[in-house]
Amino acid sequence: MLNRSLSTFMNAFTASDYTLYPFSTQNPKDFQNLLSVYLDAVFFPCLRELDFWQEGWRLEHEDPNDPQTPLVFKGVVFNEMKGAFTDNERIFSQHLQSRLLPDHTYAVVSGGDPLCIPDLTWEQLRQFHATHYHPSNARFFTYGDFPLEQHLKQIHEEALSKFEKIEPRTAVPAQRPWPEPREFQITCARDSLAAGSSEQTTVSVSFLLPDITNTFEAFTLSLLSSLLISGPNSPFYKALVESGLGTDFSPDVGYNGCTREAYFSVGLQGIAEKDIQTVRDLVDRTLDDVILQGFEDDRIEALLHKVEIQMKHQSASFGLALASHVASCWNHDGDPVECLKLGSQVARFRQCLEENPKFLQEKVKQYFKDNRHKLILSMKPDDQYSEKQAQVEAEKLKQKVDSLSPEDKQQIYEKGLELQTQQSRPQDASCLPALKVSDIEPRIPVTELDVVLAGGETPVQLCAQPTNGLVYFRALSSLNTLPEELRPYVPLFCAVLTKLGCGVLGYREQAQQVELKTGGMAAAPCVLPDDSHLDTYEQGVLFSSFCLDRNLPDMMHLWSEIFNNPRFDEEEHFRVLVRMAAQELSNGVPDAGHVYASVRAGRTLAPAGDLQETFEGMDQVRLMQRVADMADVRPVLRKLPRIKKHLLSCDHLRCSVNATPQQMSWAGTAVDTFVRSLGRSQKERKPVRPHIVERPALGGSSPVMRRLVMEPTFTPCQVKTHFLLPFPVSYVAECVRTAPYSHPDHASLKVLARLMTAKFLHTEIREKGGAYGGGAKLSYGGLFTLYSYRDPRSTETLQSFMKAVDWARSGRFTQQDIDEAKLSVFSAVDSPVAPSDRGLDHFLYGLSDEMKQKHREQLFAVHREALVDVSTRYLGPGRSTHGLALLGPDSARTAKDPSWIVR
């Protein structure tokens, strides 16, 4: 349906005790189509044995065509969960839940323990579906402005009326409370990307909390958790994170309300094993201090201000967020409407504090100090962990194979051939509903923008939107004059800039003001490819924040202080932030390996690629690992004021504001005051790169110019890199240099990427290869990327990429295939844009509505000949420069091939 719909979201989420099937679309006919298919898929699936083999697990010969090759485990879900458990945080979180709630469903892995998946039979799956996936055990949630009556009618006619009501008996019983605390230690693989390779132990202390259907108690404990752990002013941040014992909080820190009874967890990761008891003692001592001293009034007000902001902030996925918010409570027969009444819960919370000033301290004593249902969980690295896991899998495989008769093996071989035949056969999707290309809106909605000059020279884009009383501010500052040796440290500069203090405010006071007056303040490096030239790009840092309209002057004053008087004298807190940032990057690689592979593969194909690798690739992960391991961080800290001189001024700065029409004049004045407070260089600094192209900033009529870097002598080159990582699965990417956004070929390449994904790569990489995901995508900057995710193969996947190109060049696709690819492309092009983000493409990339409309018309006009043409000219052998990257375990191919760089 991804290819037959204008869906803006479509997925299935597996929680610990329910599955959520969310979808969204802005087209009423599409909504009815999707609802019909989802009802069929959930309640009337065709659970054929062959389908189960394909998606779950199966025994198959290494070479499906040769019965003499060894039998191996294959299957999408099998490799998905193997990939999921390469993440040590995931391992820890799973054990925490399973051991804290051991009596019922939470004791098992809802997505499937990889080594247990091969024990599941087809008949067990069918029986489980019959008892659990029944309308009597379902709940329906809709959000939006389509008429509700039609939804209810369709749900009744297509699902509810076709079943008899049953008693599903799926309720999760209460966990029996423990008379005494329990303690466990587990192991994991050593993280080769983490700082402090000898100190990778994790420990946490966790407490069982009340049933989540008590909505006010759940709300109170969620707020209490934030007071205990959020930000540098919280007691556990001071006691644990700033102790120097570890790198960051332990996984799953804070309040977790996704199980029938909630739980709270706190601890540290990246500690020495000898410090486990020290961390435990710190947790106990901190709770004692909180019970004695309570919380400052300003911290409570800042937290309630955060709730107010959350109630007003509108995201593009607001409906999905609401559904996720009520799902767990409703699943256990709680009242979903009560879950949404945040305003009344805040009022009741304030009343409780007024009536009893020690209200929160008593909760800490009741649920933490006096709670015997307490789990101490520690995890330490085992250098043989991966080998042991592989050995257990090999033993499981041997056990399965040894139990097979020759007839069984012959049947497996024959079914393998049958499966291969079925996977290679074009699917007949005629039974599925579909939109037509003619159902797509021909024109984009117009976004009204104004541009004014603040401080006489700085352009400010004003976009009046229904922002619900919030003001959104952004500023982009150029990096053109920054010396080359400082560029790798820009992400670190951005990560700490709003957290080290400014002006008279230390970092704790600054954090308090940010929480009291804003919805957050952030800085992030930007690499913005040009819309018309592959060798041209803009480099800068994007500053962003938002606030309630009444707090706008305070927010802009904070930005003035950060720009004019940032504090880089907090060496110890800087070290804490470095360790946290390095740990976060390391933990993120297993979940985003395909992104890191894609960035690396594109590094040498366009000038912007090298900078993207520096800012957000594996080079940045490794750099932060080295900085976090430094005994003396002062040399790095001294780089920050140097970066500040080139960045934090009104030289080459542009701003944007999104607010309601009534707030716009007020917002413009506040931004003007901010800009006038900034310094300007006494003399013009020369750009480090010699070739600068000037383009009008924020529209053709603006007198202020964007300054883009151009590298006219750049020559793309092919580089193949394999990052050796202790993962059981791989992440593979191949990038090709093609055409930028405004080039006529870009539209054809974008449709081609969706066509190759849906009609070839999905079958080859996921269905046949067993990877969890894979496909093709085209970046705004013109890099065409083929990738795979949690892939048990690497060499074969690279071969599949070549086959996909041959398939595209041969034109073995139908007009229906092309139309479906266009629907898929437009579902992304027309995805909802929150009021806070409207006009952002114009602000960052200079994309006007006219340019986007022209591109839209080019997408409509894509035809078969154009698709074959671009696949031949850009993707064919020797036509364009390719880059390849692989993250994952050893590969015989890369080890023996000298053209691969193995790191």
# chains A, B, ... in the order shown; residues from 1 in each chain; ligands from 1

$ residues_around --residues "Leu160 of chain A" --least-positions-apart "4" --cutoff "9 Å" --atoms "only C-alpha atoms" --output "VMD selection string"
chain A and resid 135 to 136 155 to 156 164 to 165

$ select_by_dssp --residues "segment 648-715 of chain A" --states "helix (DSSP H, G or I)" --output "PyMOL selection string"
chain A and resi 661-677

$ write_last_selection --atoms "all heavy atoms" --output "short mmCIF file (atom, residue, chain, number, x, y, z; two decimals), in the first residue's frame"
data_model
loop_
_atom_site.label_atom_id
_atom_site.label_comp_id
_atom_site.auth_asym_id
_atom_site.auth_seq_id
_atom_site.Cartn_x
_atom_site.Cartn_y
_atom_site.Cartn_z
N PRO A 661 -0.51 36.04 13.10
CA PRO A 661 -0.49 37.41 12.56
C PRO A 661 -0.50 38.47 13.66
O PRO A 661 0.18 39.51 13.54
CB PRO A 661 -1.76 37.47 11.71
CG PRO A 661 -2.05 36.05 11.33
CD PRO A 661 -1.60 35.22 12.49
N GLN A 662 -1.23 38.20 14.75
CA GLN A 662 -1.32 39.18 15.83
C GLN A 662 0.02 39.35 16.55
O GLN A 662 0.30 40.41 17.11
CB GLN A 662 -2.38 38.74 16.85
CG GLN A 662 -3.80 38.66 16.28
CD GLN A 662 -4.09 37.30 15.64
OE1 GLN A 662 -3.19 36.51 15.38
NE2 GLN A 662 -5.37 37.05 15.38
N GLN A 663 0.86 38.32 16.53
CA GLN A 663 2.15 38.39 17.24
C GLN A 663 3.28 38.91 16.37
O GLN A 663 4.36 39.23 16.89
CB GLN A 663 2.53 36.97 17.72
CG GLN A 663 1.60 36.37 18.75
CD GLN A 663 1.77 34.86 18.83
OE1 GLN A 663 2.29 34.22 17.91
NE2 GLN A 663 1.31 34.27 19.92
N MET A 664 3.04 39.05 15.06
CA MET A 664 4.15 39.25 14.15
C MET A 664 4.89 40.58 14.35
O MET A 664 6.12 40.63 14.32
CB MET A 664 3.67 39.12 12.71
CG MET A 664 4.79 38.84 11.73
SD MET A 664 5.77 37.39 12.16
CE MET A 664 4.71 36.06 11.61
N SER A 665 4.15 41.65 14.58
CA SER A 665 4.80 42.94 14.79
C SER A 665 5.66 42.91 16.05
O SER A 665 6.81 43.36 16.06
CB SER A 665 3.74 44.05 14.89
OG SER A 665 4.34 45.28 15.22
N TRP A 666 5.09 42.35 17.10
CA TRP A 666 5.79 42.20 18.38
C TRP A 666 7.04 41.34 18.21
O TRP A 666 8.12 41.64 18.74
CB TRP A 666 4.78 41.59 19.34
CG TRP A 666 5.22 40.88 20.57
CD1 TRP A 666 5.19 39.54 20.79
CD2 TRP A 666 5.66 41.45 21.79
NE1 TRP A 666 5.59 39.24 22.07
CE2 TRP A 666 5.90 40.41 22.70
CE3 TRP A 666 5.90 42.77 22.21
CZ2 TRP A 666 6.36 40.62 24.00
CZ3 TRP A 666 6.35 42.97 23.50
CH2 TRP A 666 6.57 41.92 24.38
N ALA A 667 6.93 40.25 17.43
CA ALA A 667 8.07 39.36 17.22
C ALA A 667 9.16 40.06 16.41
O ALA A 667 10.35 39.92 16.70
CB ALA A 667 7.61 38.08 16.51
N GLY A 668 8.74 40.81 15.38
CA GLY A 668 9.73 41.52 14.57
C GLY A 668 10.54 42.51 15.40
O GLY A 668 11.75 42.64 15.21
N THR A 669 9.88 43.19 16.33
CA THR A 669 10.58 44.14 17.20
C THR A 669 11.59 43.43 18.08
O THR A 669 12.72 43.90 18.29
CB THR A 669 9.56 44.90 18.07
OG1 THR A 669 8.65 45.60 17.22
CG2 THR A 669 10.26 45.89 18.99
N ALA A 670 11.19 42.26 18.64
CA ALA A 670 12.09 41.51 19.52
C ALA A 670 13.32 41.02 18.77
O ALA A 670 14.45 41.06 19.29
CB ALA A 670 11.34 40.32 20.13
N VAL A 671 13.15 40.57 17.52
CA VAL A 671 14.29 40.11 16.74
C VAL A 671 15.18 41.29 16.37
O VAL A 671 16.42 41.18 16.38
CB VAL A 671 13.81 39.36 15.47
CG1 VAL A 671 14.99 39.02 14.57
CG2 VAL A 671 13.06 38.09 15.86
N ASP A 672 14.59 42.44 16.06
CA ASP A 672 15.38 43.63 15.75
C ASP A 672 16.25 44.02 16.94
O ASP A 672 17.43 44.34 16.79
CB ASP A 672 14.45 44.79 15.39
CG ASP A 672 15.22 46.00 14.91
OD1 ASP A 672 15.69 45.99 13.75
OD2 ASP A 672 15.36 46.96 15.70
N THR A 673 15.68 43.96 18.13
CA THR A 673 16.45 44.27 19.35
C THR A 673 17.61 43.29 19.52
O THR A 673 18.73 43.67 19.87
CB THR A 673 15.53 44.21 20.59
OG1 THR A 673 14.47 45.14 20.41
CG2 THR A 673 16.30 44.54 21.85
N PHE A 674 17.33 41.99 19.26
CA PHE A 674 18.38 40.97 19.36
C PHE A 674 19.51 41.25 18.38
O PHE A 674 20.69 41.25 18.75
CB PHE A 674 17.76 39.59 19.09
CG PHE A 674 18.75 38.53 18.68
CD1 PHE A 674 19.67 38.02 19.58
CD2 PHE A 674 18.75 38.03 17.37
CE1 PHE A 674 20.57 37.04 19.19
CE2 PHE A 674 19.65 37.05 16.99
CZ PHE A 674 20.56 36.56 17.90
N VAL A 675 19.18 41.53 17.12
CA VAL A 675 20.21 41.75 16.10
C VAL A 675 21.05 42.98 16.44
O VAL A 675 22.27 42.98 16.29
CB VAL A 675 19.56 41.88 14.70
CG1 VAL A 675 20.58 42.37 13.68
CG2 VAL A 675 18.96 40.55 14.27
N ARG A 676 20.39 44.04 16.91
CA ARG A 676 21.13 45.27 17.25
C ARG A 676 22.07 45.06 18.44
O ARG A 676 23.01 45.84 18.63
CB ARG A 676 20.15 46.40 17.54
CG ARG A 676 19.40 46.88 16.30
CD ARG A 676 18.45 48.03 16.60
NE ARG A 676 17.66 48.39 15.43
CZ ARG A 676 18.11 49.20 14.45
NH1 ARG A 676 19.32 49.74 14.55
NH2 ARG A 676 17.33 49.47 13.41
N SER A 677 21.81 44.02 19.24
CA SER A 677 22.69 43.77 20.39
C SER A 677 23.97 43.05 19.98
O SER A 677 24.91 42.97 20.79
CB SER A 677 21.95 42.92 21.44
OG SER A 677 21.87 41.56 21.03
#

$ residues_around --residues "Asp119 of chain A" --least-positions-apart "6" --cutoff "12 Å" --atoms "only C-alpha atoms" --output "PyMOL selection string"
chain A and resi 56-59+73+78+112-113+125+396-397+399-400

$ write_last_selection --atoms "C-alpha atoms" --output "mmCIF file, in the first residue's frame"
data_model
loop_
_atom_site.group_PDB
_atom_site.id
_atom_site.type_symbol
_atom_site.label_atom_id
_atom_site.label_comp_id
_atom_site.auth_asym_id
_atom_site.auth_seq_id
_atom_site.Cartn_x
_atom_site.Cartn_y
_atom_site.Cartn_z
ATOM 1 C CA GLY A 56 9.570 -14.736 10.522
ATOM 2 C CA TRP A 57 12.209 -17.410 10.175
ATOM 3 C CA ARG A 58 13.008 -20.406 8.064
ATOM 4 C CA LEU A 59 15.620 -23.093 7.514
ATOM 5 C CA PHE A 73 18.516 -19.706 9.719
ATOM 6 C CA PHE A 78 15.074 -13.082 12.787
ATOM 7 C CA GLY A 112 11.138 -12.059 19.720
ATOM 8 C CA ASP A 113 14.444 -13.092 21.242
ATOM 9 C CA LEU A 125 1.293 -18.219 15.329
ATOM 10 C CA LYS A 396 20.424 -24.265 18.049
ATOM 11 C CA LEU A 397 20.875 -24.739 14.304
ATOM 12 C CA GLN A 399 19.839 -29.231 17.102
ATOM 13 C CA LYS A 400 17.254 -28.374 14.460
#

$ atom_distance --atom1 "atom CA of Leu725 of chain A" --atom2 "atom CA of Leu115 of chain A"
21.0 Å

$ residues_around --residues "segment 210-225 of chain A" --least-positions-apart "3" --cutoff "10 Å" --atoms "only C-alpha atoms" --output "NGL selection string"
:A and (174-175 or 228-230 or 234 or 253-266 or 295 or 300 or 303-304 or 307 or 328-336 or 338-342 or 344-346 or 348-349 or 360-361 or 363-364 or 367)

$ write_last_selection --atoms "N, CA and C atoms" --output "tab-separated table (two decimals), in the first residue's frame"
chain	number	residue	atom	x	y	z
A	174	ALA	N	-1.72	-8.24	37.67
A	174	ALA	CA	-0.80	-7.39	38.42
A	174	ALA	C	0.45	-8.17	38.80
A	175	GLN	N	1.58	-7.49	38.81
A	175	GLN	CA	2.84	-8.09	39.25
A	175	GLN	C	2.81	-8.24	40.77
A	228	LEU	N	13.51	14.70	39.24
A	228	LEU	CA	14.63	13.95	39.78
A	228	LEU	C	15.79	13.82	38.81
A	229	ILE	N	15.52	13.76	37.50
A	229	ILE	CA	16.60	13.40	36.57
A	229	ILE	C	16.84	14.39	35.43
A	230	SER	N	15.93	15.33	35.16
A	230	SER	CA	16.04	16.16	33.96
A	230	SER	C	16.87	17.42	34.19
A	234	SER	N	18.82	18.93	38.40
A	234	SER	CA	18.13	17.82	39.04
A	234	SER	C	19.06	17.08	40.01
A	253	VAL	N	16.33	5.50	31.65
A	253	VAL	CA	16.30	6.30	32.87
A	253	VAL	C	14.97	7.05	32.98
A	254	GLY	N	14.48	7.19	34.20
A	254	GLY	CA	13.28	7.97	34.45
A	254	GLY	C	12.03	7.12	34.53
A	255	TYR	N	10.89	7.77	34.30
A	255	TYR	CA	9.58	7.13	34.43
A	255	TYR	C	9.23	6.38	33.15
A	256	ASN	N	8.79	5.14	33.28
A	256	ASN	CA	8.34	4.36	32.13
A	256	ASN	C	6.91	3.92	32.39
A	257	GLY	N	5.96	4.45	31.60
A	257	GLY	CA	4.55	4.14	31.79
A	257	GLY	C	3.97	3.30	30.68
A	258	CYS	N	4.78	2.44	30.08
A	258	CYS	CA	4.32	1.63	28.95
A	258	CYS	C	3.89	0.23	29.35
A	259	THR	N	4.07	-0.14	30.60
A	259	THR	CA	3.63	-1.44	31.10
A	259	THR	C	2.48	-1.22	32.08
A	260	ARG	N	1.77	-2.31	32.43
A	260	ARG	CA	0.58	-2.14	33.29
A	260	ARG	C	0.93	-1.40	34.57
A	261	GLU	N	1.98	-1.84	35.24
A	261	GLU	CA	2.50	-1.04	36.36
A	261	GLU	C	3.73	-0.30	35.85
A	262	ALA	N	3.78	0.96	36.15
A	262	ALA	CA	4.90	1.78	35.70
A	262	ALA	C	6.15	1.43	36.51
A	263	TYR	N	7.29	1.94	36.07
A	263	TYR	CA	8.50	1.81	36.89
A	263	TYR	C	9.41	3.00	36.65
A	264	PHE	N	10.30	3.19	37.61
A	264	PHE	CA	11.28	4.28	37.56
A	264	PHE	C	12.65	3.66	37.68
A	265	SER	N	13.58	4.17	36.87
A	265	SER	CA	14.94	3.62	36.88
A	265	SER	C	15.95	4.76	36.82
A	266	VAL	N	17.05	4.58	37.53
A	266	VAL	CA	18.12	5.58	37.48
A	266	VAL	C	19.45	4.89	37.74
A	295	PHE	N	12.05	20.12	46.53
A	295	PHE	CA	12.43	20.74	45.27
A	295	PHE	C	12.17	22.24	45.31
A	300	ILE	N	9.81	23.44	39.88
A	300	ILE	CA	8.44	22.94	39.68
A	300	ILE	C	7.71	23.80	38.66
A	303	LEU	N	8.87	23.04	35.18
A	303	LEU	CA	8.30	21.79	34.68
A	303	LEU	C	6.86	21.97	34.22
A	304	LEU	N	6.08	22.71	34.99
A	304	LEU	CA	4.69	22.95	34.60
A	304	LEU	C	4.63	23.84	33.35
A	307	VAL	N	4.94	21.57	30.46
A	307	VAL	CA	3.68	20.91	30.15
A	307	VAL	C	2.79	21.85	29.33
A	328	SER	N	-1.16	2.79	26.04
A	328	SER	CA	-0.86	1.85	27.14
A	328	SER	C	-1.96	1.87	28.19
A	329	CYS	N	-2.37	3.04	28.62
A	329	CYS	CA	-3.41	3.15	29.64
A	329	CYS	C	-4.72	2.54	29.16
A	330	TRP	N	-5.11	2.86	27.95
A	330	TRP	CA	-6.36	2.35	27.37
A	330	TRP	C	-6.30	0.84	27.19
A	331	ASN	N	-5.12	0.34	26.83
A	331	ASN	CA	-4.95	-1.10	26.64
A	331	ASN	C	-5.25	-1.88	27.93
A	332	HIS	N	-5.07	-1.22	29.08
A	332	HIS	CA	-5.35	-1.88	30.36
A	332	HIS	C	-6.65	-1.35	30.96
A	333	ASP	N	-7.56	-0.91	30.08
A	333	ASP	CA	-8.90	-0.48	30.45
A	333	ASP	C	-8.93	0.80	31.27
A	334	GLY	N	-7.86	1.61	31.15
A	334	GLY	CA	-7.92	2.95	31.72
A	334	GLY	C	-8.73	3.87	30.83
A	335	ASP	N	-9.00	5.07	31.31
A	335	ASP	CA	-9.83	6.04	30.58
A	335	ASP	C	-8.93	6.89	29.67
A	336	PRO	N	-9.03	6.71	28.34
A	336	PRO	CA	-8.15	7.48	27.45
A	336	PRO	C	-8.43	8.97	27.47
A	338	GLU	N	-9.34	10.76	30.08
A	338	GLU	CA	-8.67	11.32	31.26
A	338	GLU	C	-7.18	11.54	30.98
A	339	CYS	N	-6.57	10.64	30.20
A	339	CYS	CA	-5.15	10.78	29.87
A	339	CYS	C	-4.86	12.08	29.10
A	340	LEU	N	-5.87	12.55	28.35
A	340	LEU	CA	-5.67	13.73	27.51
A	340	LEU	C	-5.97	15.04	28.24
A	341	LYS	N	-6.53	14.96	29.45
A	341	LYS	CA	-6.93	16.17	30.17
A	341	LYS	C	-5.75	16.70	31.00
A	342	LEU	N	-4.73	17.13	30.30
A	342	LEU	CA	-3.53	17.60	30.99
A	342	LEU	C	-3.80	18.86	31.80
A	344	SER	N	-6.51	19.80	33.47
A	344	SER	CA	-7.12	19.51	34.77
A	344	SER	C	-6.15	18.79	35.69
A	345	GLN	N	-5.25	17.98	35.11
A	345	GLN	CA	-4.25	17.30	35.94
A	345	GLN	C	-3.24	18.29	36.51
A	346	VAL	N	-2.86	19.28	35.71
A	346	VAL	CA	-1.96	20.32	36.23
A	346	VAL	C	-2.63	21.07	37.36
A	348	ARG	N	-4.99	20.05	39.41
A	348	ARG	CA	-5.06	19.19	40.60
A	348	ARG	C	-3.68	19.05	41.25
A	349	PHE	N	-2.64	18.98	40.43
A	349	PHE	CA	-1.28	18.89	40.95
A	349	PHE	C	-0.93	20.14	41.76
A	360	LEU	N	5.37	16.09	47.28
A	360	LEU	CA	6.30	15.34	46.44
A	360	LEU	C	7.31	14.57	47.27
A	361	GLN	N	7.76	15.14	48.38
A	361	GLN	CA	8.70	14.41	49.24
A	361	GLN	C	8.08	13.12	49.78
A	363	LYS	N	5.83	11.37	48.26
A	363	LYS	CA	5.80	10.41	47.16
A	363	LYS	C	7.16	9.73	46.99
A	364	VAL	N	8.23	10.49	47.12
A	364	VAL	CA	9.58	9.91	47.02
A	364	VAL	C	9.79	8.87	48.12
A	367	TYR	N	7.34	5.70	47.26
A	367	TYR	CA	7.58	4.89	46.09
A	367	TYR	C	9.05	4.50	45.87
